[in-house]
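> Provided herewith: coords23.csv, CSV, C-alpha atoms and all ligand atoms.
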```csv
chain,number,residue,atom,x,y,z
A,1,MET,CA,-3.8,23.9,-13.0
A,2,ARG,CA,-1.1,23.1,-10.5
A,3,ALA,CA,0.4,19.7,-10.3
A,4,VAL,CA,3.6,18.0,-9.2
A,5,ARG,CA,5.8,17.3,-12.2
A,6,VAL,CA,8.8,15.0,-12.6
A,7,THR,CA,11.1,15.7,-15.5
A,8,LYS,CA,13.9,13.2,-14.6
A,9,ALA,CA,14.3,10.2,-12.3
A,10,GLY,CA,15.9,11.0,-9.0
A,11,GLY,CA,15.5,11.8,-5.3
A,12,PRO,CA,12.6,13.6,-3.7
A,13,GLU,CA,13.9,16.9,-5.1
A,14,VAL,CA,12.7,16.0,-8.6
A,15,LEU,CA,9.1,16.5,-7.3
A,16,GLU,CA,8.4,20.1,-8.4
A,17,VAL,CA,5.1,22.0,-8.4
A,18,ALA,CA,4.4,23.4,-11.9
A,19,GLU,CA,1.5,25.0,-13.9
A,20,VAL,CA,0.4,22.4,-16.4
A,21,ASP,CA,-2.5,22.1,-18.8
A,22,THR,CA,-5.7,20.8,-17.3
A,23,PRO,CA,-6.3,17.4,-18.8
A,24,ALA,CA,-9.3,16.9,-21.2
A,25,PRO,CA,-11.2,13.8,-20.5
A,26,GLY,CA,-10.9,11.5,-23.5
A,27,PRO,CA,-13.3,8.7,-24.5
A,28,GLY,CA,-14.1,6.6,-21.5
A,29,GLU,CA,-12.6,9.1,-19.1
A,30,VAL,CA,-14.0,11.4,-16.4
A,31,LEU,CA,-12.4,14.6,-15.2
A,32,VAL,CA,-12.1,14.8,-11.4
A,33,GLU,CA,-11.3,17.7,-9.0
A,34,VAL,CA,-8.9,15.9,-6.7
A,35,ALA,CA,-9.9,16.2,-3.0
A,36,ALA,CA,-7.0,14.1,-1.8
A,37,ALA,CA,-4.3,12.1,-3.5
A,38,GLY,CA,-2.8,9.0,-1.9
A,39,VAL,CA,1.0,8.6,-1.4
A,40,ASN,CA,2.1,5.0,-2.0
A,41,TYR,CA,5.5,3.4,-1.8
A,42,ILE,CA,5.3,2.6,-5.5
A,43,ASP,CA,5.4,6.4,-6.2
A,44,THR,CA,8.9,6.4,-4.8
A,45,TYR,CA,10.0,3.4,-6.9
A,46,GLN,CA,8.6,5.2,-10.0
A,47,ARG,CA,10.3,8.5,-9.0
A,48,GLN,CA,13.6,6.8,-8.6
A,49,GLY,CA,13.4,5.0,-11.9
A,50,ILE,CA,13.3,1.6,-10.3
A,51,TYR,CA,10.1,1.3,-12.4
A,52,PRO,CA,11.1,3.3,-15.5
A,53,MET,CA,8.8,6.1,-16.4
A,54,GLU,CA,8.4,8.3,-19.4
A,55,THR,CA,9.2,12.0,-18.5
A,56,PRO,CA,7.8,14.4,-17.9
A,57,TYR,CA,4.9,13.0,-15.9
A,58,VAL,CA,2.7,13.9,-13.0
A,59,PRO,CA,3.1,11.3,-10.2
A,60,GLY,CA,0.5,9.7,-7.9
A,61,LEU,CA,-1.7,6.7,-8.9
A,62,GLU,CA,-4.4,7.1,-6.3
A,63,GLY,CA,-6.9,9.7,-5.3
A,64,THR,CA,-10.5,10.7,-4.6
A,65,GLY,CA,-12.7,13.6,-5.7
A,66,ARG,CA,-15.8,14.7,-7.5
A,67,VAL,CA,-16.4,14.2,-11.2
A,68,THR,CA,-16.6,17.6,-13.0
A,69,ALA,CA,-16.9,16.5,-16.6
A,70,LEU,CA,-17.5,13.3,-18.7
A,71,GLY,CA,-15.6,12.2,-21.8
A,72,ALA,CA,-17.4,10.5,-24.7
A,73,ASP,CA,-18.9,7.1,-24.1
A,74,VAL,CA,-19.1,7.3,-20.3
A,75,THR,CA,-22.1,5.8,-18.7
A,76,GLY,CA,-23.0,4.9,-15.1
A,77,VAL,CA,-21.5,8.0,-13.5
A,78,ALA,CA,-22.6,11.7,-13.4
A,79,VAL,CA,-21.0,15.1,-12.8
A,80,GLY,CA,-20.9,15.6,-9.0
A,81,ASP,CA,-20.4,11.9,-8.1
A,82,ARG,CA,-17.7,11.0,-5.7
A,83,ILE,CA,-15.2,8.5,-7.0
A,84,ALA,CA,-11.8,7.0,-6.2
A,85,TRP,CA,-9.1,5.4,-8.2
A,86,ALA,CA,-5.8,3.6,-7.5
A,87,GLU,CA,-4.2,3.0,-10.9
A,88,THR,CA,-4.2,6.4,-12.7
A,89,LEU,CA,-1.0,8.3,-13.0
A,90,GLY,CA,-1.3,12.1,-12.6
A,91,SER,CA,-3.0,12.2,-9.2
A,92,TYR,CA,-0.7,14.7,-7.4
A,93,ALA,CA,-2.6,17.4,-9.1
A,94,GLU,CA,-5.7,19.7,-8.8
A,95,GLN,CA,-7.4,17.8,-11.5
A,96,VAL,CA,-6.9,14.4,-13.3
A,97,ALA,CA,-8.6,12.5,-16.1
A,98,VAL,CA,-9.4,9.0,-14.9
A,99,PRO,CA,-10.6,6.1,-17.0
A,100,TRP,CA,-14.0,5.4,-15.6
A,101,ALA,CA,-13.4,1.6,-16.0
A,102,LYS,CA,-10.5,2.0,-13.5
A,103,ALA,CA,-12.4,4.0,-10.9
A,104,VAL,CA,-14.8,3.0,-8.1
A,105,PRO,CA,-17.8,4.8,-6.7
A,106,VAL,CA,-17.4,6.0,-3.1
A,107,PRO,CA,-20.3,5.2,-0.9
A,108,ASP,CA,-21.9,7.9,1.3
A,109,GLY,CA,-20.6,6.3,4.6
A,110,VAL,CA,-17.0,6.6,3.5
A,111,GLY,CA,-15.3,10.0,3.8
A,112,ASP,CA,-12.5,11.3,1.6
A,113,ASP,CA,-9.7,10.2,4.0
A,114,ALA,CA,-10.9,6.6,4.0
A,115,ALA,CA,-11.8,6.6,0.3
A,116,VAL,CA,-8.1,7.0,-0.4
A,117,GLY,CA,-6.6,5.5,2.7
A,118,ALA,CA,-8.5,2.2,2.3
A,119,LEU,CA,-8.2,1.9,-1.5
A,120,LEU,CA,-4.8,0.8,-2.8
A,121,GLN,CA,-3.5,-0.2,0.6
A,122,GLY,CA,-6.8,-1.6,1.9
A,123,MET,CA,-7.4,-3.7,-1.2
A,124,THR,CA,-3.8,-4.9,-0.9
A,125,ALA,CA,-4.3,-6.0,2.7
A,126,HIS,CA,-7.6,-7.6,1.7
A,127,VAL,CA,-5.9,-9.6,-1.1
A,128,LEU,CA,-3.2,-10.7,1.2
A,129,VAL,CA,-5.5,-12.2,3.8
A,130,ASN,CA,-8.2,-13.5,1.4
A,131,ASP,CA,-6.4,-14.5,-1.8
A,132,SER,CA,-2.6,-14.8,-1.4
A,133,PHE,CA,-2.6,-16.7,1.9
A,134,PRO,CA,-6.3,-17.0,2.9
A,135,LEU,CA,-6.8,-16.9,6.6
A,136,SER,CA,-9.6,-18.8,8.2
A,137,GLY,CA,-8.8,-18.3,11.9
A,138,GLY,CA,-6.3,-19.9,14.2
A,139,GLU,CA,-3.2,-19.2,12.2
A,140,THR,CA,-0.2,-17.3,13.5
A,141,VAL,CA,1.2,-14.8,11.0
A,142,LEU,CA,4.1,-12.4,10.9
A,143,VAL,CA,3.3,-8.9,9.6
A,144,HIS,CA,6.3,-6.6,9.0
A,145,ALA,CA,6.2,-2.8,9.1
A,146,ALA,CA,2.8,-3.2,10.9
A,147,ALA,CA,2.4,0.5,11.6
A,148,GLY,CA,2.7,1.5,7.9
A,149,GLY,CA,-0.1,2.2,5.5
A,150,VAL,CA,-0.7,-1.4,4.4
A,151,GLY,CA,0.6,-2.7,7.7
A,152,LEU,CA,-2.1,-1.2,10.0
A,153,LEU,CA,-4.9,-2.4,7.7
A,154,LEU,CA,-3.3,-5.8,7.2
A,155,THR,CA,-3.0,-6.3,11.0
A,156,GLN,CA,-6.6,-5.3,11.5
A,157,LEU,CA,-7.9,-7.6,8.8
A,158,ALA,CA,-5.8,-10.6,9.8
A,159,SER,CA,-6.7,-10.2,13.5
A,160,ALA,CA,-10.4,-9.9,12.6
A,161,LYS,CA,-10.1,-13.2,10.7
A,162,GLY,CA,-8.9,-14.8,13.9
A,163,ALA,CA,-5.2,-15.0,13.2
A,164,ARG,CA,-2.7,-14.2,15.9
A,165,VAL,CA,-0.5,-11.4,14.5
A,166,ILE,CA,3.2,-11.1,15.4
A,167,ALA,CA,4.1,-7.6,14.2
A,168,THR,CA,7.4,-5.9,13.6
A,169,THR,CA,8.0,-2.2,13.8
A,170,SER,CA,11.0,0.1,14.4
A,171,SER,CA,9.9,2.2,17.4
A,172,ALA,CA,7.8,2.1,20.6
A,173,GLU,CA,5.3,4.6,19.1
A,174,LYS,CA,4.8,2.3,16.0
A,175,ALA,CA,4.6,-0.8,18.3
A,176,GLU,CA,1.7,0.9,20.2
A,177,LEU,CA,-0.2,1.5,16.9
A,178,ALA,CA,0.4,-2.1,15.8
A,179,ARG,CA,-1.0,-3.3,19.1
A,180,GLY,CA,-4.0,-1.0,18.7
A,181,ALA,CA,-4.6,-2.6,15.3
A,182,GLY,CA,-4.8,-6.0,16.9
A,183,ALA,CA,-1.3,-7.3,17.0
A,184,ALA,CA,-0.8,-9.9,19.8
A,185,GLU,CA,2.9,-9.5,19.9
A,186,VAL,CA,5.2,-6.8,18.6
A,187,ILE,CA,9.0,-7.1,17.9
A,188,ASP,CA,11.2,-4.1,17.4
A,189,TYR,CA,13.2,-5.6,14.5
A,190,THR,CA,15.8,-2.9,14.7
A,191,ARG,CA,16.8,-4.2,18.2
A,192,VAL,CA,16.9,-8.0,17.9
A,193,ASP,CA,19.9,-9.8,16.6
A,194,ASP,CA,18.0,-12.9,15.4
A,195,LEU,CA,14.5,-12.0,14.3
A,196,ALA,CA,13.5,-15.6,13.3
A,197,ALA,CA,14.6,-16.8,16.7
A,198,ALA,CA,12.4,-14.2,18.4
A,199,VAL,CA,9.5,-15.3,16.2
A,200,ARG,CA,10.1,-19.0,17.0
A,201,GLU,CA,10.2,-18.2,20.7
A,202,LEU,CA,6.7,-16.6,20.5
A,203,THR,CA,5.4,-19.7,18.7
A,204,ASP,CA,6.8,-22.5,20.9
A,205,GLY,CA,9.4,-23.2,18.3
A,206,ALA,CA,6.9,-24.0,15.6
A,207,GLY,CA,7.1,-20.8,13.4
A,208,VAL,CA,4.4,-18.9,11.6
A,209,HIS,CA,1.9,-20.1,9.0
A,210,ALA,CA,2.6,-17.1,6.9
A,211,ALA,CA,4.9,-14.1,6.8
A,212,TYR,CA,3.6,-11.0,5.0
A,213,ASP,CA,6.8,-9.2,4.1
A,214,ALA,CA,7.0,-5.9,2.1
A,215,VAL,CA,10.2,-4.8,3.7
A,216,GLY,CA,12.2,-7.1,1.4
A,217,ALA,CA,16.0,-7.0,1.4
A,218,THR,CA,16.5,-6.7,5.2
A,219,THR,CA,13.8,-9.1,6.3
A,220,PHE,CA,13.5,-11.8,3.7
A,221,ASP,CA,16.0,-14.3,5.2
A,222,ALA,CA,14.3,-13.9,8.7
A,223,SER,CA,10.9,-14.3,7.2
A,224,LEU,CA,11.9,-17.5,5.5
A,225,ALA,CA,13.4,-18.8,8.7
A,226,SER,CA,10.3,-17.9,10.7
A,227,LEU,CA,8.0,-20.1,8.7
A,228,ARG,CA,6.6,-23.4,10.0
A,229,LYS,CA,6.7,-26.5,7.7
A,230,ARG,CA,4.7,-25.8,4.6
A,231,GLY,CA,4.2,-22.2,5.6
A,232,MET,CA,4.1,-19.4,3.0
A,233,LEU,CA,6.3,-16.3,2.6
A,234,VAL,CA,4.1,-13.6,0.9
A,235,LEU,CA,6.7,-11.2,-0.4
A,236,TYR,CA,4.7,-8.2,-1.6
A,237,GLY,CA,7.1,-5.3,-1.6
A,238,ALA,CA,10.7,-4.0,-1.2
A,239,ALA,CA,10.7,-1.0,1.1
A,240,SER,CA,14.3,-1.7,2.2
A,241,GLY,CA,15.4,-2.8,-1.3
A,242,PRO,CA,14.9,-5.7,-3.7
A,243,VAL,CA,15.5,-9.3,-2.6
A,244,PRO,CA,18.4,-11.0,-4.5
A,245,PRO,CA,17.6,-14.1,-6.6
A,246,VAL,CA,16.5,-17.0,-4.5
A,247,ASP,CA,17.7,-20.6,-5.0
A,248,PRO,CA,14.5,-22.8,-4.9
A,249,GLN,CA,16.4,-25.3,-2.8
A,250,ARG,CA,16.1,-22.9,0.1
A,251,LEU,CA,12.3,-23.4,0.1
A,252,ASN,CA,13.0,-27.1,0.5
A,253,ALA,CA,15.5,-26.6,3.3
A,254,ALA,CA,13.1,-24.3,5.1
A,255,GLY,CA,10.5,-27.0,5.4
A,256,SER,CA,8.8,-27.4,2.0
A,257,VAL,CA,7.7,-23.8,2.3
A,258,TYR,CA,6.0,-21.6,-0.4
A,259,LEU,CA,7.1,-18.3,-1.8
A,260,THR,CA,4.7,-16.0,-3.6
A,261,ARG,CA,5.3,-12.4,-4.9
A,262,PRO,CA,1.8,-10.9,-5.4
A,263,LYS,CA,0.8,-7.6,-6.9
A,264,LEU,CA,-2.6,-6.0,-6.3
A,265,PHE,CA,-3.5,-5.4,-9.9
A,266,ASP,CA,-3.3,-9.1,-10.8
A,267,PHE,CA,-6.1,-9.6,-8.4
A,268,VAL,CA,-8.2,-6.6,-9.4
A,269,ASP,CA,-7.6,-6.9,-13.1
A,270,THR,CA,-11.2,-6.1,-14.4
A,271,THR,CA,-13.6,-3.3,-13.6
A,272,GLU,CA,-15.8,-5.9,-11.9
A,273,SER,CA,-13.1,-7.4,-9.7
A,274,LEU,CA,-11.8,-3.9,-8.8
A,275,ARG,CA,-15.2,-2.6,-7.8
A,276,ASP,CA,-16.0,-5.8,-5.9
A,277,LYS,CA,-12.7,-5.6,-3.9
A,278,ALA,CA,-13.1,-1.8,-3.2
A,279,ALA,CA,-16.7,-2.4,-2.1
A,280,ALA,CA,-15.6,-5.1,0.2
A,281,VAL,CA,-13.0,-2.9,1.8
A,282,TYR,CA,-15.3,0.2,1.9
A,283,ALA,CA,-18.0,-2.0,3.6
A,284,GLU,CA,-15.6,-2.8,6.4
A,285,VAL,CA,-14.8,1.0,6.8
A,286,ALA,CA,-18.5,2.0,6.8
A,287,ALA,CA,-19.3,-0.7,9.4
A,288,GLY,CA,-16.6,0.7,11.7
A,289,ARG,CA,-14.6,-2.5,11.5
A,290,LEU,CA,-11.6,-1.1,9.6
A,291,ASP,CA,-9.9,2.0,11.0
A,292,VAL,CA,-8.0,4.1,8.4
A,293,ARG,CA,-5.3,6.1,10.1
A,294,ILE,CA,-4.1,9.2,8.3
A,295,GLY,CA,-0.5,9.7,9.4
A,296,HIS,CA,0.0,13.1,7.7
A,297,ARG,CA,-1.5,15.5,5.2
A,298,TYR,CA,0.8,17.4,2.9
A,299,PRO,CA,0.0,20.3,0.6
A,300,LEU,CA,1.0,19.8,-3.1
A,301,THR,CA,4.2,21.9,-2.5
A,302,GLU,CA,5.4,19.4,0.1
A,303,ALA,CA,5.2,16.3,-2.0
A,304,ARG,CA,8.9,15.9,-1.7
A,305,THR,CA,8.7,16.0,2.1
A,306,ALA,CA,6.1,13.2,1.9
A,307,HIS,CA,8.5,11.0,0.0
A,308,GLU,CA,11.4,11.9,2.3
A,309,ASP,CA,9.3,11.0,5.4
A,310,LEU,CA,8.0,7.8,3.9
A,311,GLN,CA,11.4,6.5,2.8
A,312,GLY,CA,12.9,7.8,6.0
A,313,ARG,CA,10.6,5.5,8.1
A,314,ARG,CA,9.2,8.5,9.8
A,315,THR,CA,5.5,7.9,9.0
A,316,THR,CA,2.6,5.8,10.2
A,317,GLY,CA,-0.6,4.9,8.4
A,318,LYS,CA,-1.6,6.7,5.2
A,319,LEU,CA,-0.1,9.8,3.7
A,320,LEU,CA,-2.3,12.2,1.7
A,321,ILE,CA,-1.5,15.0,-0.6
A,322,LEU,CA,-4.1,17.8,-0.6
A,323,PRO,CA,-4.0,19.8,-3.8
A,324,SER,CA,-6.0,22.8,-2.3
A,401,LIG,P1,4.6,2.0,4.6
A,401,LIG,O1,3.7,3.1,5.2
A,401,LIG,O2,4.5,0.6,5.1
A,401,LIG,O3,6.1,2.5,4.8
A,401,LIG,C1,7.2,1.6,4.6
A,401,LIG,C2,7.6,1.1,6.0
A,401,LIG,O4,8.5,0.0,5.8
A,401,LIG,C3,8.3,2.1,6.9
A,401,LIG,O5,7.5,2.9,7.6
A,401,LIG,C4,9.1,1.2,7.8
A,401,LIG,O6,8.4,0.8,8.9
A,401,LIG,C5,9.4,-0.1,6.9
A,401,LIG,N1,10.8,-0.2,6.5
A,401,LIG,C6,11.6,-1.1,6.9
A,401,LIG,N2,12.8,-0.9,6.4
A,401,LIG,C7,12.8,0.2,5.6
A,401,LIG,C8,13.7,0.9,4.9
A,401,LIG,N3,15.0,0.5,4.8
A,401,LIG,N4,13.3,2.0,4.2
A,401,LIG,C9,12.1,2.4,4.3
A,401,LIG,N5,11.1,1.8,5.0
A,401,LIG,C10,11.5,0.7,5.7
A,401,LIG,O7,4.4,2.1,3.0
A,401,LIG,P2,3.2,1.5,2.2
A,401,LIG,O8,2.1,1.0,3.1
A,401,LIG,O9,2.9,2.5,1.1
A,401,LIG,O10,3.8,0.2,1.5
A,401,LIG,C11,4.3,-0.8,2.2
A,401,LIG,C12,4.9,-1.8,1.3
A,401,LIG,O11,3.9,-2.5,0.6
A,401,LIG,C13,5.9,-1.3,0.2
A,401,LIG,O12,7.0,-2.2,0.1
A,401,LIG,C14,5.0,-1.3,-1.0
A,401,LIG,O13,5.8,-1.4,-2.2
A,401,LIG,C15,4.2,-2.6,-0.8
A,401,LIG,N6,2.9,-2.6,-1.5
A,401,LIG,C16,2.8,-3.6,-2.4
A,401,LIG,C17,1.7,-3.8,-3.1
A,401,LIG,C18,1.5,-4.9,-4.0
A,401,LIG,O14,0.6,-5.0,-4.8
A,401,LIG,N7,2.4,-5.9,-4.0
A,401,LIG,C19,0.6,-2.8,-3.1
A,401,LIG,C20,0.8,-1.8,-2.0
A,401,LIG,C21,2.0,-1.7,-1.3
A,401,LIG,P3,9.2,0.5,10.3
A,401,LIG,O15,9.8,1.9,10.6
A,401,LIG,O16,8.3,0.1,11.3
A,401,LIG,O17,10.3,-0.4,9.9
```
Let me see the structure of the file written as structure tokens.


Amino acid sequence: MRAVRVTKAGGPEVLEVAEVDTPAPGPGEVLVEVAAAGVNYIDTYQRQGIYPMETPYVPGLEGTGRVTALGADVTGVAVGDRIAWAETLGSYAEQVAVPWAKAVPVPDGVGDDAAVGALLQGMTAHVLVNDSFPLSGGETVLVHAAAGGVGLLLTQLASAKGARVIATTSSAEKAELARGAGAAEVIDYTRVDDLAAAVRELTDGAGVHAAYDAVGATTFDASLASLRKRGMLVLYGAASGPVPPVDPQRLNAAGSVYLTRPKLFDFVDTTESLRDKAAAVYAEVAAGRLDVRIGHRYPLTEARTAHEDLQGRRTTGKLLILPS
């Protein structure tokens, strides 16, 4: 079968299409014909070696497709069923063997685009507003990179919970998408000198209850300075680079604020919690309350372009790789 293969860590050019052996589903695994693989920022960290990987490997943690064969000891799923997964390396490929315990069934009301587009990023957004800093309505929150994959979903979920979202984006087109997702205010953070001052101005000087920040290096200081007393900085990624070590005294000086660094898979760490979370997100999609924007679809041969576009800040919403 055809797959993207990485033989050494590096730039987008290390993503090469190759003929590789079709995986055989081992015990507990199902073989899937991939309808769409999801591109996630973590794929770029893995490709660069920021998260060290054993080579060679087929990248991509996320996808959706139909089951074509069952390994030993698999129950509760049949050949032909539609499933999705978010934690199985090897997804930028025509076929992948997925541990059934790490997969979720896709309901009929959810198409392939949303099955992938709302899974890793949708569950992350759901965790951020329900678990990391639970919103109950009436809060003001800062959402960085609000036109991105997670950003658009997070903005919709936070707004739906009754929070006032102050979004940041880097262009007028992205600002428009953030507004469409429910942002009350949008700041172009590439054009303001003092982002925290701009946020304070929009909150009568009080600051925000929470800042959801996955941009990292370039926004961390402003996020911290944007918080109101006892607010929370939810640092969940590092698209602009990792945040240097933080002196805890800074949390005191900022107003007894909290700092957390969540990762999705600590919140969906059992089959039951994974399927519950996915079902909650898919229910929002099926009910028409959560819109999944597919920013671009790339053939397998253009995986490197997908990574270049994502890291080059040229994308909005979810990026898909279509193996055929
Ligand atoms: P996005 O679609 O959000 O793309 C990243 C966006 O970050 C860009 O479009 C850009 O938006 C913004 N950005 C700001 N500065 C930079 C920079 N220097 N280089 C590149 N991008 C920059 O990606 P994802 O939705 O896939 O992921 C968003 C973040 O969420 C990532 O940091 C990812 O690691 C994190 N994440 C964390 C998870 C967790 O479990 N903790 C799970 C899933 C994602 P703009 O142009 O508007 O600035």

> Residues up to 8 Å from ligand LIG 401 (chain A), counting only C-alpha atoms and all ligand atoms: could you list those as a PyMOL selection string?

chain A and resi 39-42+45+120-121+124+144-151+168-171+174-175+188-190+214-216+218+235-241+261-265+310-319

> Do a neighbour search on Arg47 (chain A) at 7 Å with only C-alpha atoms, toss out local chain neighbours closer than 2 positions, and write the hits as an MDAnalysis selection string.

chainID A and resid 9:10 43:45 49

> Include C-alpha atoms and write out the residues we just selected as a short mmCIF file (atom, residue, chain, number, x, y, z; two decimals), in the frame of the given file.


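The resulting file, part29.cif, is reproduced below:
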```cif
data_model
loop_
_atom_site.label_atom_id
_atom_site.label_comp_id
_atom_site.auth_asym_id
_atom_site.auth_seq_id
_atom_site.Cartn_x
_atom_site.Cartn_y
_atom_site.Cartn_z
CA ALA A 9 14.30 10.20 -12.30
CA GLY A 10 15.90 11.00 -9.00
CA ASP A 43 5.40 6.40 -6.20
CA THR A 44 8.90 6.40 -4.80
CA TYR A 45 10.00 3.40 -6.90
CA GLY A 49 13.40 5.00 -11.90
#
```

> Which one of A:Val110, A:Glu33, A:Leu157, A:Gly117 sits closest to Arg289 (chain A) if you count all atoms listed in the file?

A:Leu157

> What's around region 107-109 of chain A at 12 Å? Count only C-alpha atoms, leave out sequence neighbours fewer than 4 positions away in its own chain, and write the answer as a list in words.

Thr64, Asp81, Arg82, Ile83, Ala84, Asp113, Ala114, Ala115, Arg275, Ala278, Ala279, Ala280, Val281, Tyr282, Ala283, Glu284, Val285, Ala286, Ala287 and Gly288 of chain A

> Where does region 191-295 of chain A meet region 177-186 of chain A within 12 Å, residue by residue, with the nearest atom pair and distance in Å to one decimal for each, counting only C-alpha atoms, listed by chain and rising number, as a tab-separated table?


```
residue	atom	partner	partner_atom	distance
A:Arg191	CA	A:Val186	CA	11.9
A:Val192	CA	A:Val186	CA	11.8
A:Leu195	CA	A:Val186	CA	11.5
A:Ala198	CA	A:Val186	CA	10.3
A:Val199	CA	A:Glu185	CA	9.5
A:Glu201	CA	A:Glu185	CA	11.4
A:Leu202	CA	A:Glu185	CA	8.1
A:Thr203	CA	A:Glu185	CA	10.6
A:Arg289	CA	A:Ala181	CA	10.7
A:Leu290	CA	A:Ala181	CA	9.2
A:Asp291	CA	A:Ala181	CA	8.2
A:Val292	CA	A:Ala181	CA	10.2
A:Arg293	CA	A:Leu177	CA	9.7
A:Gly295	CA	A:Leu177	CA	11.1
```

> For a test of reading the model, state the distance in Å between CA of Glu62 (chain A) and CA of Tyr92 (chain A), rounded to one decimal.

8.5 Å

> Of the candidates A:Thr68, A:Ala196, A:Val6, A:Val17, which shows the shortest atom-to-atom distance to Glu54 (chain A), using all atoms listed in the file?

A:Val6

> Within 12 Å of region 254-259 of chain A, counting all atoms listed in the file, which residues qualify if same-chain residues fewer than 4 places away don't, as a ChimeraX atom specification?

/A:132-133,196,206-213,220-236,246-250

> From the list A:Arg164, A:Leu152, A:Gln48, A:Glu29, which residue is nearest Thr88 (chain A) when using all atoms listed in the file?

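Of the candidates, the smallest distance to Thr88 (chain A) is held by A:Glu29.
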
> Could you name the residues that touch region 94-97 of chain A at 12 Å or less, counting only C-alpha atoms, but leaving out those on the same chain fewer than 4 positions away, as a VMD selection string?

chain A and resid 1 to 4 17 to 37 58 to 71 83 to 85 87 to 90 101 to 103 299 to 301 321 to 324

> Hey, which of A:Ala306, A:Leu135, A:Leu128, A:Leu142 ends up closest to Lys161 (chain A)? Count all atoms listed in the file.

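Among A:Ala306, A:Leu135, A:Leu128, A:Leu142, it is A:Leu135 that comes nearest to Lys161 (chain A).
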
> To one decimal place, how far is CA of Ala125 (chain A) from CA of Thr155 (chain A) in Å?

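Taking CA of Ala125 (chain A) as the start and CA of Thr155 (chain A) as the end point, the length is 8.4 Å.
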
> Which value, in Å to one decimal, gives the distance between CA of Tyr51 (chain A) and CA of Ala158 (chain A)?

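Those two atoms sit 29.8 Å apart.
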